[in-house]
Each structure stands twice: as C-alpha cells, then as structure tokens.
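Peer 1: I have a structure here, written as structure tokens, and I will follow up with some questions on it.
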Amino acid sequence: MLYWLTALSDGGDFFNLFRYISFRAGGAFLTALVFGFIFGRPLINVLRKKQGKGQPIRDDGPEGHIAKAGTPTMGGLLIVGALLTSTLLWARLDNPFVWLVLFVTMSFAAIGFADDYAKVSKQNTAGVPGKVRLGLGFLIAAIAGYWAAQYHPEELVNQLALPFFKDVLLNLGLLFIPFSIIVIVGAANAVNLTDGLDGLAIMPVMIAAGTLGVIAYAVGRVDFTEYLDVHYVPGTGEILVFCAGIFGGGLGFLWYNAPPAAVFMGDTGSLALGGALGAIAVATKHEIVLAIVGGLFVLEALSVIIQVLYFKRTGKRVFLMAPIHHHYEKKGWAEPQIVIRFWIISLILAMIGLATLKVR
C-alpha cells in the first residue's frame, strides 16, 4: 500500500525510497516485529481466558509435556496478523504473486483455526476430521498452482526447474497442478508435524522464509538471474516483502514461544506458515530447493510416514516415538537441546539451498 507514496516523489526525495523492494522489506520486517511485541501479551491473555484449560495434551506423548497443560494455543493468530498487516502495508498490491501467497496463507490459517477451535472447545486432540482438512488443502493448493501458472513466463509454464541445471526443464503438463498440491499441502503438514516443542517450528520457518525471500528477489530480477544462472520469473521479487513479514512476525512470536512457552502456535500458525513456504516455492519455480531448505520439515514428515508404514507391516517401531523430535525426547535429550540442534540443522540446509544460486 505504501508503495503508492512513490507517486509523490520527484525522483530524489524520501518518497522515492518506497520504490525499492529492499526498503519496503525492511519496513515489513519492523512492522511485523512491532506488531508481535504490541499485541502478543494481550492476545495471550485473551486466549488464556477464552480457552480455559488451553491446548489438550496427548496422553501418549512424552511425560515432560504434562507440565505444558493449560498453555493456550492459536498463537499463530499473532504471526498471521503481523504478516497480513505488514504485507498489506509494504508490498505492491498490484502484484499477483503477493495475493497468491496471501491467499494460500490465510486459507490454511482458516483451516488451522477451525482445527484448533475444535480441539480446545471439545478438549480433545481430534480436531477437524483429517479428510476434511486434506480435501480443503488440496482445493486451495490446486487453485494456487493454476494461479501461479497464469503468471509464469511462457517458457516456464507447467515446467519443473532443476537446481544447478538451468537448461534442463521437465514438462509436467497437466501434472503441474497435482505437483503443486503435493508441494503446498506437503509443506503445510510437514511444518504442522514439526510444531511439537517450544520454539522448534518457528525458527526453521523463519530461516526457510528468509532463504526463499532472497531467492524470490533474485529470480525476480533479470540481471541477477543471468549472473546467478537461474530462471527469470517477473514479479516474484515482491515476495521478499512477504518473507520479511514472516521473519518479523516469527521473531515477535518467538519472544512468547521460547521455552517455557507462554503460547503455542497451533495449527493456525503451522498450517499457514507451511502453506506459505510451499506457495513461495511454486511461485518462484524452486519447489525442489524448498525440499532442501525445508529439509528439517521433510525429515519430520518422513519419520512419521516410516513409523506408520513399518508398524502396520511388522507391528514394531523404528523410532521410540514419531515425529523424530519426540524420539530424541524419549532418548533423554533435553527439550532446549533438541530445539537448538534442529535450528542448527535448518541453518546448514539454508546455506545449501542458497548454494543452488550459482555464481559464475
């Protein structure tokens, strides 16, 4: 919205700063961060009052989680609110990719909110039926995939780009929409599975969003794409503003989610943020890079899939408990130890993801 202040510029004054994505990304970061600090405590107080007993704790979970009983959930409202406010203020609202990522984020946030509400109102861990959640997620992701394809350059429409090999494109054709569904819904649910310890999910999300924001800015500039040997996707640079909002809002939330958490992000936040990462990857043609940058989320999801399939086949478990962060809890690792080590893994994977931007 503030971009339109450039209409008041004569080309060499303060208003001219609003032309620059980097300046507006900084504004989005600070806006989201301040939003989190201002509204964090009041929101937590309201959630605690409305929810009473807070998020239901699984009976079969790690013993240490019993102490978390009474902690309110739906803290993702703080992140989503900060992200929405900062993006609408600082991003160009005539950019279709901005509305694409906002559509996916808010839609998955709505699914997550309904799920969280069902859990706290009924005081059980069932929530919205899985088939309903999955069906709605498929629909949202299908719309997003079709939407993205309408604004991709003609030579990239329905194509899968491979890291390091700019000249190699795989034509997915009609399979592009199903592929987009897998990327977006997979990312949303993978982040959701990761959100099991205080501070565990939000920092890797911020790291992934920061990395994808840099990539989006790079692929949105024709001069950068030639230098970095990646495909040019006009308009994606504006996604950096959105990613800066995730980073600022994430930091504001982490202030209250750091151990011991005063609030949980809940499905409201985890589904929204995971869906956002998937949508950014589809928009920028960096779906495979998302699997690298978000490798921690992939690992968490795979641990659940492996556990379920192996148990159904043999009646035995590969891990002491899935997702894998609970496995290490069962092995006696302290919660902060698991969280910080997983953060380190996320940083390493982010560096690997950035390395896909080849410098000649």
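Convention: chains lettered A, B, ... in structure tokens order; per-chain residue numbering from 1; ligands numbered from 1 as shown.
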Write out as a PyMOL selection string all residues of region 50-274 of chain A that backbone DSSP assigns to strand (DSSP E or B).
Peer 2: chain A and resi 159-162+165-171
Peer 1: With all heavy atoms retained, write the just-selected residues as a short mmCIF file (atom, residue, chain, number, x, y, z; two decimals), in the first residue's frame.
Peer 2:
data_model
loop_
_atom_site.label_atom_id
_atom_site.label_comp_id
_atom_site.auth_asym_id
_atom_site.auth_seq_id
_atom_site.Cartn_x
_atom_site.Cartn_y
_atom_site.Cartn_z
N GLN A 159 6.38 -26.22 -16.12
CA GLN A 159 7.71 -26.82 -16.15
C GLN A 159 8.26 -26.97 -14.72
O GLN A 159 7.97 -26.17 -13.84
CB GLN A 159 8.69 -25.95 -16.96
CG GLN A 159 8.25 -25.66 -18.37
CD GLN A 159 8.41 -26.87 -19.28
OE1 GLN A 159 9.26 -27.72 -19.07
NE2 GLN A 159 7.59 -26.93 -20.32
N LEU A 160 9.05 -28.01 -14.53
CA LEU A 160 9.76 -28.20 -13.27
C LEU A 160 11.23 -27.84 -13.49
O LEU A 160 11.90 -28.45 -14.31
CB LEU A 160 9.65 -29.65 -12.78
CG LEU A 160 10.49 -30.01 -11.55
CD1 LEU A 160 10.05 -29.19 -10.34
CD2 LEU A 160 10.39 -31.50 -11.25
N ALA A 161 11.69 -26.83 -12.77
CA ALA A 161 13.08 -26.39 -12.89
C ALA A 161 13.94 -27.18 -11.91
O ALA A 161 13.53 -27.45 -10.78
CB ALA A 161 13.19 -24.90 -12.61
N LEU A 162 15.14 -27.53 -12.35
CA LEU A 162 16.07 -28.30 -11.52
C LEU A 162 17.21 -27.41 -11.03
O LEU A 162 17.74 -26.61 -11.82
CB LEU A 162 16.65 -29.47 -12.32
CG LEU A 162 15.64 -30.47 -12.90
CD1 LEU A 162 16.36 -31.56 -13.67
CD2 LEU A 162 14.79 -31.07 -11.79
N PHE A 165 20.88 -26.77 -12.94
CA PHE A 165 20.79 -27.09 -14.37
C PHE A 165 19.73 -26.20 -15.01
O PHE A 165 18.58 -26.61 -15.21
CB PHE A 165 20.45 -28.57 -14.57
CG PHE A 165 21.45 -29.51 -13.97
CD1 PHE A 165 21.19 -30.13 -12.76
CD2 PHE A 165 22.66 -29.76 -14.61
CE1 PHE A 165 22.12 -31.00 -12.19
CE2 PHE A 165 23.59 -30.63 -14.05
CZ PHE A 165 23.32 -31.24 -12.83
N LYS A 166 20.12 -24.98 -15.35
CA LYS A 166 19.16 -24.03 -15.91
C LYS A 166 18.59 -24.50 -17.25
O LYS A 166 17.44 -24.20 -17.57
CB LYS A 166 19.83 -22.66 -16.08
CG LYS A 166 18.88 -21.57 -16.56
CD LYS A 166 19.57 -20.23 -16.64
CE LYS A 166 18.60 -19.15 -17.11
NZ LYS A 166 19.25 -17.82 -17.20
N ASP A 167 19.38 -25.22 -18.00
CA ASP A 167 18.95 -25.64 -19.33
C ASP A 167 18.07 -26.90 -19.31
O ASP A 167 17.59 -27.34 -20.36
CB ASP A 167 20.16 -25.90 -20.23
CG ASP A 167 20.97 -24.65 -20.47
OD1 ASP A 167 20.37 -23.55 -20.48
OD2 ASP A 167 22.21 -24.75 -20.62
N VAL A 168 17.87 -27.46 -18.13
CA VAL A 168 17.06 -28.68 -18.02
C VAL A 168 15.71 -28.34 -17.38
O VAL A 168 15.65 -27.90 -16.24
CB VAL A 168 17.78 -29.76 -17.18
CG1 VAL A 168 16.89 -31.00 -17.06
CG2 VAL A 168 19.12 -30.10 -17.79
N LEU A 169 14.64 -28.55 -18.13
CA LEU A 169 13.29 -28.33 -17.63
C LEU A 169 12.47 -29.60 -17.90
O LEU A 169 12.56 -30.18 -18.99
CB LEU A 169 12.63 -27.15 -18.32
CG LEU A 169 13.14 -25.75 -17.97
CD1 LEU A 169 12.54 -24.71 -18.90
CD2 LEU A 169 12.83 -25.41 -16.52
N LEU A 170 11.71 -30.01 -16.90
CA LEU A 170 10.84 -31.17 -17.07
C LEU A 170 9.41 -30.68 -17.27
O LEU A 170 8.85 -30.01 -16.40
CB LEU A 170 10.91 -32.08 -15.84
CG LEU A 170 12.29 -32.68 -15.51
CD1 LEU A 170 12.19 -33.55 -14.28
CD2 LEU A 170 12.84 -33.47 -16.69
N ASN A 171 8.83 -30.99 -18.41
CA ASN A 171 7.48 -30.55 -18.72
C ASN A 171 6.47 -31.45 -18.00
O ASN A 171 6.28 -32.61 -18.38
CB ASN A 171 7.25 -30.58 -20.23
CG ASN A 171 5.90 -29.97 -20.61
OD1 ASN A 171 5.16 -29.51 -19.75
ND2 ASN A 171 5.59 -29.98 -21.89
#
Peer 1: With the cut-off set at 12 Å and counting only C-alpha atoms, tabulate each residue of region 217-322 of chain A with an atom at most that distance from an atom of region 172-181 of chain A, showing the nearest atom pair and its distance in Å to one decimal, ordered by chain and increasing number, as JSON lines.
Peer 2:
{"residue": "A:Gly275", "atom": "CA", "partner": "A:Ile181", "partner_atom": "CA", "distance": 10.1}
{"residue": "A:Leu277", "atom": "CA", "partner": "A:Ser180", "partner_atom": "CA", "distance": 11.9}
{"residue": "A:Gly278", "atom": "CA", "partner": "A:Ser180", "partner_atom": "CA", "distance": 8.2}
{"residue": "A:Ala279", "atom": "CA", "partner": "A:Ser180", "partner_atom": "CA", "distance": 8.2}
{"residue": "A:Ile280", "atom": "CA", "partner": "A:Ser180", "partner_atom": "CA", "distance": 10.9}
{"residue": "A:Ala281", "atom": "CA", "partner": "A:Ser180", "partner_atom": "CA", "distance": 9.2}
{"residue": "A:Val282", "atom": "CA", "partner": "A:Ser180", "partner_atom": "CA", "distance": 6.5}
{"residue": "A:Ala283", "atom": "CA", "partner": "A:Ser180", "partner_atom": "CA", "distance": 9.7}
{"residue": "A:Thr284", "atom": "CA", "partner": "A:Ser180", "partner_atom": "CA", "distance": 12.0}
{"residue": "A:Lys285", "atom": "CA", "partner": "A:Ser180", "partner_atom": "CA", "distance": 10.3}
{"residue": "A:His286", "atom": "CA", "partner": "A:Ser180", "partner_atom": "CA", "distance": 11.2}
{"residue": "A:Glu287", "atom": "CA", "partner": "A:Ser180", "partner_atom": "CA", "distance": 8.5}
{"residue": "A:Ile288", "atom": "CA", "partner": "A:Phe179", "partner_atom": "CA", "distance": 11.2}
Peer 1: Looking only at helix (DSSP H, G or I) from DSSP on the backbone, list the matching residues of region 123-198 of chain A as JSON, numbers by chain.
Peer 2: {"A": [130, 131, 132, 133, 134, 135, 136, 137, 138, 139, 140, 141, 142, 143, 144, 145, 146, 147, 148, 149, 150, 151, 154, 155, 156, 173, 174, 175, 176, 177, 178, 179, 180, 181, 182, 183, 184, 185, 186, 187, 188, 189, 190, 191, 192, 193, 194]}
Peer 1: Return the single residue from A:Pro163, A:Gly269, A:Gly70, A:Gly332 that is closest to His231 (chain A), with distances computed using only C-alpha atoms.
Peer 2: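 Among the listed residues, the smallest separation from His231 (chain A) belongs to A:Pro163.
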Peer 1: Using only C-alpha atoms, I'd like a table of the residues in region 194-248 of chain A that come within 10 Å of region 97-109 of chain A; for each, show the closest atom pair and its distance in Å rounded to one decimal, ordered by chain and ascending number, as JSON lines.
Peer 2:
{"residue": "A:Pro234", "atom": "CA", "partner": "A:Phe97", "partner_atom": "CA", "distance": 9.7}
{"residue": "A:Gly235", "atom": "CA", "partner": "A:Phe97", "partner_atom": "CA", "distance": 7.0}
{"residue": "A:Thr236", "atom": "CA", "partner": "A:Phe97", "partner_atom": "CA", "distance": 6.4}
{"residue": "A:Gly237", "atom": "CA", "partner": "A:Phe97", "partner_atom": "CA", "distance": 9.2}
{"residue": "A:Glu238", "atom": "CA", "partner": "A:Val98", "partner_atom": "CA", "distance": 6.9}
{"residue": "A:Ile239", "atom": "CA", "partner": "A:Val98", "partner_atom": "CA", "distance": 6.1}
{"residue": "A:Leu240", "atom": "CA", "partner": "A:Val98", "partner_atom": "CA", "distance": 9.5}
{"residue": "A:Val241", "atom": "CA", "partner": "A:Val98", "partner_atom": "CA", "distance": 8.8}
{"residue": "A:Phe242", "atom": "CA", "partner": "A:Val98", "partner_atom": "CA", "distance": 7.3}
{"residue": "A:Cys243", "atom": "CA", "partner": "A:Val101", "partner_atom": "CA", "distance": 10.0}
Peer 1: Under the rule that only C-alpha atoms are counted, which of A:Lys68, A:Arg221, A:Arg19, A:Lys119 is the nearest residue to Pro260 (chain A)?
Peer 2: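 Under the stated criterion, the closest residue is A:Lys68.
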Peer 1: Need to verify the contact set: region 316-331 of chain A, 12 Å, only C-alpha atoms, exclusion of same-chain residues closer than 6 positions in sequence. Can you return it as a VMD selection string?
Peer 2: chain A and resid 60 to 65 189 to 198 200 to 201 296 to 310 337 to 342
Peer 1: Keeping N, CA, C and O atoms, export the residues of the selection given above as a short mmCIF file (atom, residue, chain, number, x, y, z; two decimals), in the first residue's frame.
Peer 2:
data_model
loop_
_atom_site.label_atom_id
_atom_site.label_comp_id
_atom_site.auth_asym_id
_atom_site.auth_seq_id
_atom_site.Cartn_x
_atom_site.Cartn_y
_atom_site.Cartn_z
N ASP A 60 -0.48 -40.10 25.24
CA ASP A 60 0.61 -40.99 24.88
C ASP A 60 1.88 -40.24 24.51
O ASP A 60 2.83 -40.83 23.98
N GLY A 61 1.91 -38.95 24.80
CA GLY A 61 3.09 -38.14 24.48
C GLY A 61 4.17 -38.27 25.54
O GLY A 61 4.00 -38.97 26.55
N PRO A 62 5.30 -37.60 25.32
CA PRO A 62 6.38 -37.61 26.32
C PRO A 62 5.89 -37.11 27.67
O PRO A 62 5.07 -36.19 27.75
N GLU A 63 6.42 -37.72 28.72
CA GLU A 63 5.97 -37.39 30.07
C GLU A 63 6.15 -35.92 30.42
O GLU A 63 5.34 -35.31 31.12
N GLY A 64 7.23 -35.31 29.90
CA GLY A 64 7.52 -33.92 30.22
C GLY A 64 6.49 -32.95 29.70
O GLY A 64 6.43 -31.80 30.15
N HIS A 65 5.65 -33.38 28.76
CA HIS A 65 4.67 -32.48 28.17
C HIS A 65 3.46 -32.27 29.08
O HIS A 65 2.66 -31.36 28.83
N ASN A 189 1.63 -29.56 6.05
CA ASN A 189 1.54 -30.64 7.03
C ASN A 189 2.89 -30.99 7.65
O ASN A 189 2.95 -31.42 8.82
N ALA A 190 3.97 -30.80 6.90
CA ALA A 190 5.30 -31.07 7.45
C ALA A 190 5.64 -30.08 8.56
O ALA A 190 6.19 -30.45 9.60
N VAL A 191 5.32 -28.80 8.35
CA VAL A 191 5.55 -27.80 9.40
C VAL A 191 4.65 -28.10 10.59
O VAL A 191 5.06 -27.96 11.76
N ASN A 192 3.42 -28.53 10.32
CA ASN A 192 2.49 -28.87 11.38
C ASN A 192 3.03 -30.00 12.26
O ASN A 192 2.93 -29.97 13.50
N LEU A 193 3.65 -31.00 11.64
CA LEU A 193 4.23 -32.12 12.39
C LEU A 193 5.45 -31.67 13.20
O LEU A 193 5.73 -32.22 14.27
N THR A 194 6.17 -30.69 12.69
CA THR A 194 7.38 -30.21 13.37
C THR A 194 7.05 -29.41 14.62
O THR A 194 7.84 -29.35 15.56
N ASP A 195 5.87 -28.81 14.64
CA ASP A 195 5.48 -27.94 15.75
C ASP A 195 5.08 -28.77 16.96
O ASP A 195 3.90 -28.91 17.28
N GLY A 196 6.11 -29.32 17.65
CA GLY A 196 5.82 -30.16 18.81
C GLY A 196 6.58 -29.79 20.07
O GLY A 196 6.30 -30.32 21.14
N LEU A 197 7.54 -28.87 19.93
CA LEU A 197 8.32 -28.41 21.09
C LEU A 197 8.36 -26.88 21.08
O LEU A 197 8.22 -26.26 20.02
N ASP A 198 8.60 -26.30 22.23
CA ASP A 198 8.63 -24.84 22.33
C ASP A 198 9.72 -24.26 21.44
O ASP A 198 10.91 -24.54 21.62
N LEU A 200 10.40 -24.89 18.39
CA LEU A 200 11.01 -25.79 17.40
C LEU A 200 10.66 -25.43 15.97
O LEU A 200 11.52 -25.42 15.09
N ALA A 201 9.40 -25.13 15.70
CA ALA A 201 8.97 -24.92 14.31
C ALA A 201 9.24 -23.51 13.81
O ALA A 201 9.60 -23.31 12.65
N LEU A 296 14.49 -30.06 7.24
CA LEU A 296 14.09 -30.48 8.59
C LEU A 296 12.62 -30.89 8.61
O LEU A 296 12.26 -31.90 9.23
N PHE A 297 11.78 -30.13 7.93
CA PHE A 297 10.36 -30.47 7.86
C PHE A 297 10.15 -31.78 7.11
O PHE A 297 9.30 -32.59 7.48
N VAL A 298 10.93 -31.98 6.06
CA VAL A 298 10.86 -33.23 5.30
C VAL A 298 11.23 -34.40 6.20
O VAL A 298 10.57 -35.45 6.19
N LEU A 299 12.28 -34.24 6.98
CA LEU A 299 12.73 -35.29 7.89
C LEU A 299 11.66 -35.62 8.92
O LEU A 299 11.41 -36.81 9.21
N GLU A 300 11.02 -34.60 9.47
CA GLU A 300 9.96 -34.83 10.46
C GLU A 300 8.79 -35.60 9.84
O GLU A 300 8.26 -36.54 10.44
N ALA A 301 8.40 -35.20 8.62
CA ALA A 301 7.29 -35.88 7.95
C ALA A 301 7.65 -37.31 7.60
O ALA A 301 6.84 -38.23 7.78
N LEU A 302 8.86 -37.51 7.10
CA LEU A 302 9.30 -38.86 6.73
C LEU A 302 9.34 -39.78 7.95
O LEU A 302 9.03 -40.97 7.84
N SER A 303 9.74 -39.24 9.09
CA SER A 303 9.81 -40.07 10.30
C SER A 303 8.42 -40.61 10.67
O SER A 303 8.29 -41.75 11.12
N VAL A 304 7.39 -39.80 10.46
CA VAL A 304 6.03 -40.24 10.74
C VAL A 304 5.59 -41.29 9.72
O VAL A 304 5.01 -42.32 10.08
N ILE A 305 5.87 -41.03 8.44
CA ILE A 305 5.48 -41.98 7.38
C ILE A 305 6.16 -43.33 7.59
O ILE A 305 5.53 -44.39 7.52
N ILE A 306 7.46 -43.29 7.86
CA ILE A 306 8.22 -44.53 8.09
C ILE A 306 7.68 -45.28 9.30
O ILE A 306 7.49 -46.51 9.26
N GLN A 307 7.41 -44.54 10.37
CA GLN A 307 6.91 -45.17 11.60
C GLN A 307 5.58 -45.88 11.36
O GLN A 307 5.39 -47.03 11.77
N VAL A 308 4.67 -45.19 10.68
CA VAL A 308 3.34 -45.74 10.45
C VAL A 308 3.40 -46.97 9.53
O VAL A 308 2.81 -48.02 9.83
N LEU A 309 4.12 -46.84 8.42
CA LEU A 309 4.20 -47.94 7.46
C LEU A 309 4.89 -49.17 8.07
O LEU A 309 4.43 -50.31 7.88
N TYR A 310 5.97 -48.94 8.79
CA TYR A 310 6.72 -50.06 9.38
C TYR A 310 5.90 -50.74 10.47
O TYR A 310 5.91 -51.98 10.59
N GLN A 337 17.89 -28.61 24.07
CA GLN A 337 18.97 -29.23 23.31
C GLN A 337 18.48 -29.68 21.94
O GLN A 337 19.14 -29.44 20.91
N ILE A 338 17.31 -30.29 21.89
CA ILE A 338 16.72 -30.73 20.63
C ILE A 338 16.41 -29.53 19.75
O ILE A 338 16.77 -29.49 18.56
N VAL A 339 15.78 -28.53 20.34
CA VAL A 339 15.35 -27.35 19.58
C VAL A 339 16.53 -26.64 18.94
O VAL A 339 16.54 -26.36 17.73
N ILE A 340 17.57 -26.36 19.73
CA ILE A 340 18.71 -25.61 19.20
C ILE A 340 19.46 -26.42 18.16
O ILE A 340 19.91 -25.88 17.14
N ARG A 341 19.62 -27.72 18.37
CA ARG A 341 20.31 -28.54 17.37
C ARG A 341 19.52 -28.62 16.07
O ARG A 341 20.10 -28.62 14.98
N PHE A 342 18.21 -28.66 16.17
CA PHE A 342 17.38 -28.65 14.95
C PHE A 342 17.47 -27.30 14.26
O PHE A 342 17.42 -27.22 13.03
#
Peer 1: Go through A:Val263, A:Val289, A:Val34, A:Ile202 one by one, measure the shortest atom-to-atom distance of each to Val46 (chain A) using only C-alpha atoms, and give the residue with the smallest value.
Peer 2: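 Comparing A:Val263, A:Val289, A:Val34, A:Ile202 against Val46 (chain A), the winner is A:Val263.
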Peer 1: Work out how far apart CA of Leu349 (chain A) and CA of Pro336 (chain A) are and give it in Å to one decimal.
Peer 2: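 Separation of CA of Leu349 (chain A) and CA of Pro336 (chain A): 20.0 Å.
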Peer 1: For region 47-52 of chain A, please output as a list in words all residues within 10 Å (counting only C-alpha atoms; exclusion window: fewer than 3 positions along the same chain).
Peer 2: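 My reading of the contact set: Arg41, Pro42, Leu43, Ile44, Gln55, Gly70, Thr71, Pro72, Thr73, Met74, Gly75, Tyr117, Val120, Ser121, Gln123, Ala262 and Val263 of chain A.
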Peer 1: Could you please take those selected residues and save N, CA and C atoms as an mmCIF file, in the first residue's frame?
Peer 2:
data_model
loop_
_atom_site.group_PDB
_atom_site.id
_atom_site.type_symbol
_atom_site.label_atom_id
_atom_site.label_comp_id
_atom_site.auth_asym_id
_atom_site.auth_seq_id
_atom_site.Cartn_x
_atom_site.Cartn_y
_atom_site.Cartn_z
ATOM 1 N N ARG A 41 1.176 -10.028 24.193
ATOM 2 C CA ARG A 41 0.676 -10.267 25.546
ATOM 3 C C ARG A 41 -0.841 -10.127 25.643
ATOM 4 N N PRO A 42 -1.453 -9.089 25.056
ATOM 5 C CA PRO A 42 -2.925 -9.016 25.105
ATOM 6 C C PRO A 42 -3.598 -10.215 24.452
ATOM 7 N N LEU A 43 -3.037 -10.692 23.334
ATOM 8 C CA LEU A 43 -3.632 -11.854 22.669
ATOM 9 C C LEU A 43 -3.526 -13.090 23.556
ATOM 10 N N ILE A 44 -2.381 -13.288 24.180
ATOM 11 C CA ILE A 44 -2.195 -14.441 25.063
ATOM 12 C C ILE A 44 -3.190 -14.401 26.216
ATOM 13 N N GLN A 55 -4.511 -25.873 25.256
ATOM 14 C CA GLN A 55 -4.410 -26.963 24.277
ATOM 15 C C GLN A 55 -4.394 -28.314 24.975
ATOM 16 N N GLY A 70 -2.517 -26.469 30.066
ATOM 17 C CA GLY A 70 -3.008 -25.144 30.420
ATOM 18 C C GLY A 70 -2.449 -24.036 29.547
ATOM 19 N N THR A 71 -1.434 -24.349 28.751
ATOM 20 C CA THR A 71 -0.864 -23.339 27.858
ATOM 21 C C THR A 71 -1.823 -23.086 26.703
ATOM 22 N N PRO A 72 -2.177 -21.825 26.442
ATOM 23 C CA PRO A 72 -3.120 -21.544 25.350
ATOM 24 C C PRO A 72 -2.504 -21.814 23.986
ATOM 25 N N THR A 73 -3.359 -22.121 23.020
ATOM 26 C CA THR A 73 -2.923 -22.339 21.648
ATOM 27 C C THR A 73 -3.528 -21.257 20.754
ATOM 28 N N MET A 74 -3.437 -21.418 19.451
ATOM 29 C CA MET A 74 -3.863 -20.422 18.459
ATOM 30 C C MET A 74 -2.955 -19.205 18.429
ATOM 31 N N GLY A 75 -1.744 -19.334 18.947
ATOM 32 C CA GLY A 75 -0.794 -18.225 18.891
ATOM 33 C C GLY A 75 -0.416 -17.853 17.474
ATOM 34 N N TYR A 117 -9.820 -24.639 17.197
ATOM 35 C CA TYR A 117 -11.050 -24.321 17.923
ATOM 36 C C TYR A 117 -11.784 -25.597 18.327
ATOM 37 N N VAL A 120 -9.834 -27.187 21.388
ATOM 38 C CA VAL A 120 -9.946 -26.538 22.698
ATOM 39 C C VAL A 120 -11.397 -26.518 23.185
ATOM 40 N N SER A 121 -12.359 -26.446 22.259
ATOM 41 C CA SER A 121 -13.762 -26.399 22.685
ATOM 42 C C SER A 121 -14.249 -27.760 23.166
ATOM 43 N N GLN A 123 -11.976 -30.146 24.116
ATOM 44 C CA GLN A 123 -10.911 -30.624 24.995
ATOM 45 C C GLN A 123 -10.466 -32.047 24.651
ATOM 46 N N ALA A 262 4.711 -19.415 26.519
ATOM 47 C CA ALA A 262 3.508 -18.804 27.084
ATOM 48 C C ALA A 262 2.308 -19.060 26.187
ATOM 49 N N VAL A 263 2.588 -19.463 24.927
ATOM 50 C CA VAL A 263 1.529 -19.748 23.965
ATOM 51 C C VAL A 263 2.079 -20.687 22.897
#
Peer 1: For Glu155 (chain A), which of A:Ala82, A:Ala91, A:Val219, A:Tyr232 is the closest residue, counting only C-alpha atoms?
Peer 2: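 Smallest separation from Glu155 (chain A) among the options: A:Tyr232.
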Peer 1: Give me the residues near Phe247 (chain A) as a tab-separated table (two decimals) with all heavy atoms, in the first residue's frame, where near means some atom within 8 Å (using only C-alpha atoms) and where sequence neighbours in that chain fewer than 3 positions away do not count.
Peer 2:
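The result, written out as around.tsv:
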chain	number	residue	atom	x	y	z
A	29	PHE	N	9.46	-6.05	7.86
A	29	PHE	CA	10.06	-6.76	8.99
A	29	PHE	C	9.79	-6.02	10.31
A	29	PHE	O	9.33	-6.62	11.29
A	29	PHE	CB	11.56	-6.91	8.77
A	29	PHE	CG	12.33	-7.33	10.00
A	29	PHE	CD1	12.31	-8.64	10.43
A	29	PHE	CD2	13.04	-6.39	10.74
A	29	PHE	CE1	12.99	-9.03	11.57
A	29	PHE	CE2	13.73	-6.77	11.88
A	29	PHE	CZ	13.70	-8.09	12.30
A	206	MET	N	11.31	-19.38	9.86
A	206	MET	CA	11.91	-18.07	9.59
A	206	MET	C	13.15	-18.22	8.72
A	206	MET	O	13.37	-17.42	7.79
A	206	MET	CB	12.27	-17.39	10.92
A	206	MET	CG	11.09	-16.94	11.73
A	206	MET	SD	11.49	-16.67	13.47
A	206	MET	CE	12.86	-15.53	13.35
A	207	ILE	N	13.96	-19.23	9.00
A	207	ILE	CA	15.17	-19.45	8.21
A	207	ILE	C	14.80	-19.80	6.77
A	207	ILE	O	15.38	-19.26	5.82
A	207	ILE	CB	16.01	-20.58	8.85
A	207	ILE	CG1	16.57	-20.13	10.20
A	207	ILE	CG2	17.14	-21.00	7.91
A	207	ILE	CD1	17.20	-21.24	11.01
A	209	ALA	N	11.97	-19.09	5.24
A	209	ALA	CA	11.33	-17.93	4.62
A	209	ALA	C	12.38	-16.90	4.20
A	209	ALA	O	12.28	-16.31	3.11
A	209	ALA	CB	10.32	-17.30	5.58
A	210	GLY	N	13.38	-16.69	5.05
A	210	GLY	CA	14.44	-15.75	4.70
A	210	GLY	C	15.20	-16.20	3.46
A	210	GLY	O	15.50	-15.41	2.57
A	243	CYS	N	8.12	-12.33	2.82
A	243	CYS	CA	9.04	-13.16	3.62
A	243	CYS	C	9.61	-12.37	4.80
A	243	CYS	O	9.82	-12.92	5.88
A	243	CYS	CB	10.17	-13.70	2.74
A	243	CYS	SG	9.64	-14.92	1.54
A	244	ALA	N	9.86	-11.08	4.58
A	244	ALA	CA	10.33	-10.23	5.67
A	244	ALA	C	9.27	-10.13	6.76
A	244	ALA	O	9.58	-10.08	7.96
A	244	ALA	CB	10.69	-8.85	5.14
A	250	GLY	N	7.59	-13.84	13.01
A	250	GLY	CA	8.12	-15.02	13.68
A	250	GLY	C	8.94	-14.67	14.91
A	250	GLY	O	8.83	-15.32	15.96
A	251	LEU	N	9.76	-13.63	14.79
A	251	LEU	CA	10.56	-13.20	15.94
A	251	LEU	C	9.66	-12.69	17.06
A	251	LEU	O	9.90	-12.97	18.24
A	251	LEU	CB	11.53	-12.09	15.52
A	251	LEU	CG	12.86	-12.51	14.91
A	251	LEU	CD1	13.69	-11.28	14.57
A	251	LEU	CD2	13.64	-13.42	15.85
Peer 1: Hey, which of A:Leu156, A:Met1, A:Ala141, A:Ala25 ends up closest to Leu89 (chain A)? Count only C-alpha atoms.
Peer 2: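 Among A:Leu156, A:Met1, A:Ala141, A:Ala25, it is A:Met1 that comes nearest to Leu89 (chain A).
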Peer 1: Pick out the residues sitting within 9 Å of Asp115 (chain A), and hand them over as an mmCIF file with N, CA and C atoms, in the first residue's frame; count only C-alpha atoms, and ignore anything fewer than 6 positions along from it in its own chain.
Peer 2:
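Okay, this is what ended up in part_27.cif:
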data_model
loop_
_atom_site.group_PDB
_atom_site.id
_atom_site.type_symbol
_atom_site.label_atom_id
_atom_site.label_comp_id
_atom_site.auth_asym_id
_atom_site.auth_seq_id
_atom_site.Cartn_x
_atom_site.Cartn_y
_atom_site.Cartn_z
ATOM 1 N N ALA A 126 -8.689 -34.495 18.737
ATOM 2 C CA ALA A 126 -9.213 -34.933 17.437
ATOM 3 C C ALA A 126 -9.250 -33.790 16.420
ATOM 4 N N GLY A 127 -9.892 -32.689 16.788
ATOM 5 C CA GLY A 127 -9.989 -31.558 15.887
ATOM 6 C C GLY A 127 -10.862 -31.833 14.676
ATOM 7 N N VAL A 128 -10.619 -31.097 13.587
ATOM 8 C CA VAL A 128 -11.353 -31.292 12.336
ATOM 9 C C VAL A 128 -10.926 -32.622 11.720
ATOM 10 N N PRO A 129 -11.881 -33.415 11.194
ATOM 11 C CA PRO A 129 -11.511 -34.699 10.568
ATOM 12 C C PRO A 129 -10.417 -34.532 9.519
ATOM 13 N N ARG A 133 -9.758 -31.691 6.361
ATOM 14 C CA ARG A 133 -8.573 -30.833 6.296
ATOM 15 C C ARG A 133 -7.805 -31.051 5.003
ATOM 16 N N GLY A 266 -0.062 -23.526 17.420
ATOM 17 C CA GLY A 266 -1.223 -24.290 16.996
ATOM 18 C C GLY A 266 -1.252 -24.509 15.494
ATOM 19 N N ASP A 267 -2.283 -25.192 15.035
ATOM 20 C CA ASP A 267 -2.443 -25.427 13.597
ATOM 21 C C ASP A 267 -2.716 -24.128 12.852
ATOM 22 N N THR A 268 -3.255 -23.145 13.553
ATOM 23 C CA THR A 268 -3.494 -21.839 12.941
ATOM 24 C C THR A 268 -2.219 -21.284 12.336
#
